[in-house]
Each structure stands twice: as structure tokens, then as C-alpha cells.
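Undergrad: My structure file final_31.cif, mmCIF, C-alpha atoms and all ligand atoms, is below:
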```cif
data_data
loop_
_atom_site.label_atom_id
_atom_site.label_comp_id
_atom_site.auth_asym_id
_atom_site.auth_seq_id
_atom_site.Cartn_x
_atom_site.Cartn_y
_atom_site.Cartn_z
CA MET A 1 18.27 104.90 34.27
CA LYS A 2 14.63 104.85 35.19
CA ASN A 3 13.42 102.28 37.70
CA LYS A 4 10.27 100.95 36.19
CA LEU A 5 8.05 102.05 33.38
CA ILE A 6 4.30 101.72 32.96
CA ILE A 7 2.36 101.38 29.75
CA ALA A 8 -1.38 101.68 30.32
CA GLY A 9 -3.96 101.24 27.57
CA ASN A 10 -7.16 103.17 28.11
CA TRP A 11 -9.68 101.49 25.84
CA LYS A 12 -12.40 104.00 26.75
CA MET A 13 -15.89 102.99 25.53
CA ASN A 14 -14.57 100.54 22.96
CA LYS A 15 -14.59 96.73 22.62
CA THR A 16 -17.24 94.23 23.60
CA PRO A 17 -16.33 91.73 26.33
CA ASN A 18 -15.31 89.18 23.72
CA GLU A 19 -13.19 91.72 21.85
CA CYS A 20 -11.53 92.71 25.14
CA ARG A 21 -10.56 89.12 25.79
CA ILE A 22 -9.07 88.70 22.32
CA LEU A 23 -7.19 92.02 22.32
CA ALA A 24 -5.61 91.40 25.73
CA LYS A 25 -4.70 87.84 24.83
CA GLU A 26 -2.97 88.90 21.62
CA ILE A 27 -1.05 91.67 23.35
CA ILE A 28 0.01 89.39 26.20
CA SER A 29 1.27 86.73 23.82
CA SER A 30 3.20 89.32 21.76
CA LEU A 31 4.78 90.76 24.89
CA ASN A 32 5.52 87.46 26.55
CA GLY A 33 8.75 87.83 28.55
CA ILE A 34 8.82 91.63 28.43
CA MET A 35 11.20 92.98 31.06
CA GLY A 36 11.14 96.02 33.28
CA ILE A 37 7.71 97.25 32.21
CA HIS A 38 4.30 97.00 33.78
CA VAL A 39 1.52 96.66 31.22
CA ILE A 40 -1.95 97.78 32.30
CA PHE A 41 -5.16 97.14 30.36
CA SER A 42 -8.09 99.39 31.06
CA PRO A 43 -11.16 97.98 29.30
CA PRO A 44 -14.75 99.11 29.94
CA PHE A 45 -16.18 97.58 33.15
CA THR A 46 -17.88 94.85 31.11
CA GLY A 47 -14.51 93.66 29.84
CA LEU A 48 -12.64 93.45 33.15
CA ASN A 49 -13.60 89.89 33.96
CA GLU A 50 -12.79 88.71 30.44
CA ILE A 51 -9.10 89.47 30.75
CA GLU A 52 -6.71 87.19 32.57
CA THR A 53 -3.55 88.81 33.81
CA SER A 54 -0.53 88.04 35.91
CA ASN A 55 2.55 90.13 36.60
CA PRO A 56 3.76 92.12 34.61
CA PHE A 57 0.24 92.50 33.18
CA PHE A 58 -2.43 94.26 35.25
CA LYS A 59 -5.99 95.51 34.90
CA ALA A 60 -7.44 98.95 35.63
CA ALA A 61 -11.01 100.20 35.76
CA GLN A 62 -11.65 103.49 33.99
CA ASN A 63 -13.68 104.96 36.82
CA CYS A 64 -15.39 104.03 40.09
CA TYR A 65 -17.76 105.43 42.66
CA PHE A 66 -16.48 106.26 46.13
CA GLU A 67 -19.37 104.86 48.17
CA GLN A 68 -19.23 101.22 49.18
CA SER A 69 -22.69 100.17 48.06
CA GLY A 70 -26.27 101.37 47.97
CA ALA A 71 -28.72 103.35 45.92
CA PHE A 72 -26.37 104.80 43.29
CA THR A 73 -27.91 103.69 40.02
CA GLY A 74 -25.38 103.23 37.28
CA GLU A 75 -22.31 103.35 39.50
CA VAL A 76 -19.67 100.68 40.18
CA SER A 77 -17.98 100.25 43.57
CA ILE A 78 -14.32 99.61 44.25
CA GLU A 79 -15.15 96.26 45.81
CA MET A 80 -16.80 95.21 42.54
CA ILE A 81 -13.71 96.31 40.63
CA LYS A 82 -11.47 94.43 43.05
CA SER A 83 -13.52 91.30 42.57
CA CYS A 84 -12.54 91.40 38.88
CA ASP A 85 -8.86 91.28 39.97
CA ALA A 86 -8.19 94.82 38.83
CA THR A 87 -5.32 96.50 40.65
CA HIS A 88 -5.64 100.07 39.37
CA VAL A 89 -8.40 102.62 38.76
CA ILE A 90 -8.11 105.58 36.39
CA ILE A 91 -9.46 108.63 38.20
CA GLY A 92 -10.22 112.10 36.85
CA HIS A 93 -9.65 111.45 33.16
CA SER A 94 -10.33 114.67 31.28
CA GLU A 95 -13.30 113.06 29.55
CA ARG A 96 -14.82 112.38 32.98
CA ARG A 97 -14.06 115.93 34.07
CA MET A 98 -15.49 117.53 30.92
CA LEU A 99 -18.32 115.26 29.79
CA PHE A 100 -19.49 114.01 33.19
CA ASN A 101 -18.76 117.13 35.26
CA GLU A 102 -16.36 115.49 37.68
CA ASP A 103 -14.80 118.16 39.83
CA ASN A 104 -11.71 118.14 42.02
CA TYR A 105 -13.83 117.33 45.08
CA THR A 106 -15.35 114.19 43.52
CA ILE A 107 -11.97 113.14 42.20
CA ASN A 108 -10.49 113.56 45.67
CA GLN A 109 -13.23 111.38 47.18
CA LYS A 110 -12.53 108.71 44.61
CA ILE A 111 -8.77 108.77 45.12
CA LEU A 112 -9.23 108.50 48.90
CA ALA A 113 -11.59 105.54 48.47
CA VAL A 114 -9.39 103.73 45.95
CA LYS A 115 -6.33 104.06 48.20
CA LYS A 116 -8.27 103.02 51.26
CA ASN A 117 -9.31 99.84 49.44
CA GLY A 118 -5.72 99.03 48.52
CA LEU A 119 -5.93 99.72 44.79
CA ILE A 120 -3.73 102.12 42.87
CA PRO A 121 -5.30 105.29 41.47
CA ILE A 122 -4.00 106.49 38.11
CA PHE A 123 -4.75 110.12 38.80
CA CYS A 124 -5.19 112.14 35.59
CA ILE A 125 -4.42 115.83 35.36
CA GLY A 126 -3.95 118.21 32.48
CA GLU A 127 -4.66 121.67 31.17
CA SER A 128 -7.00 122.72 28.35
CA LEU A 129 -5.86 124.65 25.30
CA GLU A 130 -7.44 127.73 26.83
CA ASP A 131 -5.38 127.31 30.03
CA ARG A 132 -2.24 126.92 27.96
CA ASN A 133 -2.97 129.98 25.84
CA ASN A 134 -3.72 132.02 28.98
CA GLY A 135 -0.43 131.02 30.55
CA SER A 136 -2.26 129.26 33.38
CA THR A 137 -1.02 125.70 32.79
CA GLU A 138 0.99 125.46 36.02
CA LYS A 139 -1.76 127.01 38.10
CA LYS A 140 -4.31 124.58 36.69
CA ILE A 141 -2.07 121.57 37.25
CA SER A 142 -1.06 122.46 40.80
CA ASP A 143 -4.70 123.16 41.63
CA GLN A 144 -5.77 119.76 40.28
CA ILE A 145 -3.02 117.97 42.20
CA GLU A 146 -3.49 119.78 45.49
CA LYS A 147 -7.29 119.53 45.49
CA GLY A 148 -7.30 115.97 44.19
CA LEU A 149 -4.95 114.86 46.95
CA ILE A 150 -6.50 116.60 49.97
CA GLY A 151 -6.20 114.33 53.00
CA ILE A 152 -3.45 112.21 51.47
CA ASP A 153 -0.04 112.41 53.15
CA SER A 154 1.64 109.41 51.61
CA LEU A 155 1.84 109.14 47.86
CA GLU A 156 2.90 105.53 48.03
CA GLY A 157 0.60 103.54 45.76
CA LEU A 158 -0.37 106.42 43.50
CA VAL A 159 0.40 106.97 39.83
CA VAL A 160 -0.16 110.32 38.11
CA ALA A 161 -0.92 110.73 34.40
CA TYR A 162 -0.30 114.11 32.80
CA GLU A 163 -2.57 114.44 29.80
CA PRO A 164 -2.89 117.86 28.18
CA VAL A 165 -6.50 117.99 26.98
CA TRP A 166 -5.47 119.49 23.63
CA ALA A 167 -3.27 116.46 22.89
CA ILE A 168 -5.85 113.76 23.65
CA GLY A 169 -7.15 112.05 20.55
CA THR A 170 -5.92 114.87 18.31
CA GLY A 171 -2.87 113.17 16.85
CA VAL A 172 -0.74 116.06 18.11
CA ALA A 173 1.29 115.17 21.17
CA ALA A 174 2.95 117.78 23.36
CA SER A 175 6.58 118.39 22.39
CA PRO A 176 9.39 116.73 24.36
CA LYS A 177 10.38 120.12 25.80
CA GLU A 178 6.81 120.92 26.88
CA ILE A 179 6.52 117.49 28.48
CA GLU A 180 9.88 117.77 30.22
CA ASP A 181 9.03 121.16 31.72
CA ILE A 182 5.61 120.20 32.99
CA HIS A 183 6.71 116.80 34.33
CA LYS A 184 9.45 118.56 36.30
CA PHE A 185 6.86 120.92 37.69
CA ILE A 186 4.50 118.05 38.56
CA HIS A 187 7.25 116.08 40.31
CA ASN A 188 8.02 119.17 42.40
CA VAL A 189 4.39 119.70 43.40
CA LEU A 190 4.18 116.02 44.37
CA LYS A 191 7.40 116.25 46.36
CA ASN A 192 5.90 119.07 48.38
CA ILE A 193 3.12 116.71 49.41
CA ASP A 194 5.32 113.70 50.13
CA LYS A 195 9.10 113.89 50.13
CA LYS A 196 9.58 110.21 50.88
CA HIS A 197 7.99 108.51 47.89
CA TYR A 198 8.81 108.95 44.24
CA THR A 199 5.55 109.13 42.27
CA GLN A 200 5.57 107.80 38.74
CA VAL A 201 4.20 110.33 36.28
CA LEU A 202 2.95 109.03 32.94
CA TYR A 203 2.47 111.11 29.83
CA GLY A 204 -0.72 110.73 27.78
CA GLY A 205 -2.02 112.42 24.66
CA SER A 206 -1.48 111.08 21.12
CA VAL A 207 1.29 108.66 22.07
CA LYS A 208 1.91 106.38 19.09
CA PRO A 209 4.68 104.17 17.71
CA GLU A 210 6.10 107.13 15.75
CA ASN A 211 6.75 109.30 18.81
CA SER A 212 7.09 106.79 21.65
CA GLU A 213 10.85 106.27 21.31
CA GLU A 214 11.47 109.99 21.60
CA LEU A 215 8.94 110.61 24.36
CA ILE A 216 10.07 107.80 26.66
CA ARG A 217 13.51 109.44 26.85
CA VAL A 218 12.08 112.67 28.22
CA PRO A 219 13.32 113.21 31.79
CA GLY A 220 10.51 112.81 34.32
CA VAL A 221 8.40 110.55 32.07
CA ASP A 222 7.81 107.18 33.75
CA GLY A 223 5.56 105.66 31.11
CA PHE A 224 2.48 106.33 29.03
CA LEU A 225 -1.30 106.34 29.25
CA ILE A 226 -2.47 105.55 25.74
CA GLY A 227 -5.91 105.84 24.17
CA GLY A 228 -6.23 105.36 20.40
CA ALA A 229 -2.98 103.43 19.89
CA SER A 230 -3.89 100.98 22.66
CA LEU A 231 -6.81 99.58 20.64
CA ASN A 232 -4.57 97.97 18.08
CA VAL A 233 -2.24 95.07 18.90
CA ASP A 234 0.60 96.16 16.62
CA SER A 235 0.74 99.77 17.72
CA PHE A 236 0.47 99.02 21.44
CA VAL A 237 3.05 96.23 21.25
CA SER A 238 5.43 98.39 19.27
CA ILE A 239 5.24 101.17 21.90
CA ALA A 240 5.81 98.65 24.71
CA LYS A 241 8.83 97.24 22.88
CA ALA A 242 10.29 100.71 22.35
CA MET A 243 9.97 101.25 26.10
CA GLU A 244 11.62 97.94 26.87
CA LYS A 245 14.50 98.78 24.53
CA TYR A 246 14.99 102.13 26.21
CA ARG A 247 14.72 100.55 29.65
CA SER A 248 17.38 97.97 28.87
CA ASN A 249 19.92 100.56 27.61
P1 LIG A 301 -5.01 109.26 23.04
O1 LIG A 301 -5.79 109.26 24.45
O2 LIG A 301 -3.78 108.40 23.18
O3 LIG A 301 -6.00 108.70 22.06
O4 LIG A 301 -4.65 110.67 22.74
C1 LIG A 301 -5.10 109.31 25.66
C2 LIG A 301 -6.06 109.24 26.82
O5 LIG A 301 -7.17 109.77 26.72
O6 LIG A 301 -5.77 108.62 27.86
#
```
Can you present the structure in this file as C-alpha cells?
TA:
Amino acid sequence: MKNKLIIAGNWKMNKTPNECRILAKEIISSLNGIMGIHVIFSPPFTGLNEIETSNPFFKAAQNCYFEQSGAFTGEVSIEMIKSCDATHVIIGHSERRMLFNEDNYTINQKILAVKKNGLIPIFCIGESLEDRNNGSTEKKISDQIEKGLIGIDSLEGLVVAYEPVWAIGTGVAASPKEIEDIHKFIHNVLKNIDKKHYTQVLYGGSVKPENSEELIRVPGVDGFLIGGASLNVDSFVSIAKAMEKYRSN
């Protein structure tokens, strides 16, 4: 049986502050009393302060900057995120890598800074369709992990999210077998960095109520990072309940 499972909703650039407050409130009241699962809401920065959480509900920022303060127009510091009572920060999402040119070096700086400030990075990795077709999935993933975690010896307080780029927002999730194989590989790469701590590895990419029951059973999957299906109360709650059911069996 798995220890603990995480369901994280990445709302991306959706929902006004007021809509964030309502969505989180409705989800929290529907999941009142949920056992064995941590539920993380990741609204846009402007929504963080609107959401009130207490264990097992948490808040994550979708990004941060690694400097403490200063002349960095448009950026948000970890201290600012902390002051909104967020506990986690998503780092290196493929949309940040592709649309905003974040490279492994920047991602590494951010992970170091988030850990140093006592928050938990949700470190996203994943191959493109081109990588997969070239047979370079494992190389890409190990490269992202090793470069993203330079200077980090202890993986305590780190969560990894495997999100194949070709499965994000496409409606087509990776197959259970594909997920099992790559999660096994990821766990091994992480073990080479830190043997002592088990790192939770989430799967992300077109997770929805229809596939969540099957995907949560996949060995090596410790939860989900969910985009589209996290924007709707019923679909997010139904995935969380499927996880709880699995967890209690
Ligand atoms: P999706 O997005 O669930 O809409 O595929 C996942 C993500 O980008 O984190």
C-alpha cells in the first residue's frame, strides 16, 4: 500500500481571485474529511491569498523567482509566496520551459531557493513527442533531473511531477505501462541522488475522472498533477475520491 498520495490542481492562468475563492471553497467542502490524501491548489498568484486552507489542503504557487527582492520587474519572490501561506511551488512546468524559455539552470536556481526557504518544490519533468519518437525519453528525463537538482544532496521536502509534454492538455494520457516504466526509471535516478529519502513522483497529463482509477494503481505513481480537470469541482472531487478509495483498500 502506498503511504500518502497527493492530488495537485494546477489552475494555470485561469480564474479571477473571486473565482479562486469559490472553487477552492466548493472543493474543500466536498472533500471534507478526506483521508490519506494531500490536496494542493495552485491558483494564479492573484488567487493565493483568496484561498483558506488547513491540513490536508495546501496551496502552491505556479512559479517563483529565485532572488530575494530587488529590481526584477514582473517577478514574485518566495517570501511573498510564503506570506500567502503557500507551502509548495511548482517549478519547471513544461509551459514555463517552452513558452518562457526556462532552462535547467534557472530551474535549478529556483529549486535551490525554494528548498532553502523551507517550501516544497513540485519539480516538473517530461519529454516532448519528438524525444519520445527519437527514443531519447530516458536521456531527457535523467538530464532534467540531474541538472535541476545540482547542489541538492537531500531530496527530503521535494516532490517530482512527471508530465509528458504530449499528454498535457491533449486529452490523451500516457498508458499505464508507459507511466509505470518511466516512473520506475525516475525513482531510480532519484535514488542515485539520495538513497535515504523516498521522493513522491506524481503523474500529470490528461488525468480525468475516466482514467484516474486506473492510473492511481500504477506502481510508482504517488498522486497526480492535474490541469484541465482541476478547474471543475465535480471532476477534481471525483478524482480525489477515486484516490481515497484506492488508498483505503
Ligand atoms: P492537463 O494538464 O491535466 O490539462 O493535461 C496537466 C498540467 O499541465 O499540469
Undergrad: Using all atoms listed in the file for the distances, tell me which of A:Ile141, A:Ala86, A:Val76, A:Ile122 is nearest to ligand LIG 301 (chain A).
TA: A:Ile122
Undergrad: All residues within 8 Å of ligand LIG 301 (chain A) are required, counting all atoms listed in the file; please report them as a PyMOL selection string.
TA: chain A and resi 9-10+12+93-95+163+167-171+173+204-208+225-230
Undergrad: Show which residues sit within 12 Å of Ile179 of chain A, as a list of chain:residue names. Count all atoms listed in the file, and ignore same-chain residues fewer than 6 positions away.
TA: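 Residues meeting the cut-off are A:Gly126, A:Thr137, A:Ala161, A:Tyr162, A:Glu163, A:Pro164, A:Ala167, A:Ala173, A:Phe185, A:Ile186, A:His187, A:Val201, A:Leu202, A:Tyr203, A:Gly204, A:Gly205, A:Glu214, A:Leu215, A:Ile216, A:Arg217, A:Val218, A:Pro219, A:Gly220, A:Val221, A:Asp222, A:Phe224.
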Undergrad: Using all atoms listed in the file, pick whichever of A:Leu190, A:Met243, A:Ile150, A:Ile111 has the shortest atom-to-atom distance to Tyr65 of chain A.
TA: A:Ile111
Undergrad: Within 7 Å of segment 103-108 of chain A, counting all atoms listed in the file, which residues show up once you throw out same-chain ones fewer than 3 positions away? Write them as a list in words, please.
TA: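 Here the qualifying residues turn out to be Ile91, Gly92, Arg97, Ile111, Leu112, Gln144, Lys147, Gly148, Leu149 and Ile150 of chain A.
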Undergrad: Identify the residues within 12 Å of coordinate (-8.3, 100.0, 51.1) (same frame as the file), considering only C-alpha atoms, and give the answer as number ranges by chain.
TA: A: 66, 68, 78-79, 82, 87, 110-121, 157
Undergrad: Looking at all atoms listed in the file, which of A:Val159, A:Ile51, A:Ala8, A:Met80 is the one that sits closest to Glu26 of chain A?
TA: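 Closest to Glu26 of chain A of all the choices is A:Ile51.
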Undergrad: I need the residue nearest Gly223 of chain A from this list: A:Asn32, A:Gln200, A:Ser154, A:Asn249. Use all atoms listed in the file for the distance.
TA: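 Smallest separation from Gly223 of chain A among the options: A:Gln200.
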Undergrad: For Thr53 of chain A, please output as a short mmCIF file (atom, residue, chain, number, x, y, z; two decimals) with C-alpha atoms, in the coordinates of the input all residues within 12 Å (counting all atoms listed in the file; exclusion window: fewer than 3 positions along the same chain).
TA:
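Okay, this is what ended up in out20.cif:
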```cif
data_model
loop_
_atom_site.label_atom_id
_atom_site.label_comp_id
_atom_site.auth_asym_id
_atom_site.auth_seq_id
_atom_site.Cartn_x
_atom_site.Cartn_y
_atom_site.Cartn_z
CA ARG A 21 -10.56 89.12 25.79
CA ALA A 24 -5.61 91.40 25.73
CA LYS A 25 -4.70 87.84 24.83
CA ILE A 27 -1.05 91.67 23.35
CA ILE A 28 0.01 89.39 26.20
CA SER A 29 1.27 86.73 23.82
CA ASN A 32 5.52 87.46 26.55
CA HIS A 38 4.30 97.00 33.78
CA VAL A 39 1.52 96.66 31.22
CA ILE A 40 -1.95 97.78 32.30
CA PHE A 41 -5.16 97.14 30.36
CA SER A 42 -8.09 99.39 31.06
CA LEU A 48 -12.64 93.45 33.15
CA ASN A 49 -13.60 89.89 33.96
CA GLU A 50 -12.79 88.71 30.44
CA PRO A 56 3.76 92.12 34.61
CA PHE A 57 0.24 92.50 33.18
CA PHE A 58 -2.43 94.26 35.25
CA LYS A 59 -5.99 95.51 34.90
CA ALA A 60 -7.44 98.95 35.63
CA CYS A 84 -12.54 91.40 38.88
CA ASP A 85 -8.86 91.28 39.97
CA ALA A 86 -8.19 94.82 38.83
CA THR A 87 -5.32 96.50 40.65
#
```
Undergrad: Which value, in Å to one decimal, gives the distance between atom CA of Ile6 of chain A and atom CA of Met35 of chain A?
TA: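 It comes out at 11.3 Å.
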Undergrad: Measuring atom to atom with only C-alpha atoms, identify which of A:Asp181, A:Lys4, A:Asp234, A:Glu156 is nearest to His197 of chain A.
TA: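 Selected residue with least distance to His197 of chain A: A:Glu156.
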Undergrad: Taking only C-alpha atoms into account, name the residue in A:Ser248, A:Asn55, A:Ser69, A:Asn232 that is nearest to Cys20 of chain A.
TA: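 Going through A:Ser248, A:Asn55, A:Ser69, A:Asn232 one by one, the smallest distance to Cys20 of chain A is for A:Asn232.
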Undergrad: Expressed in Å to a single decimal, how great is the separation between atom CA of Leu129 of chain A and atom CA of Asn14 of chain A?
TA: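 According to the coordinates, atom CA of Leu129 of chain A and atom CA of Asn14 of chain A are separated by 25.7 Å.
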Undergrad: In Å, rounded to a single decimal, give me how far atom CA of Ala174 of chain A is from atom CA of Lys139 of chain A.
TA: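 Going from atom CA of Lys139 of chain A over to atom CA of Ala174 of chain A, I get 18.0 Å.
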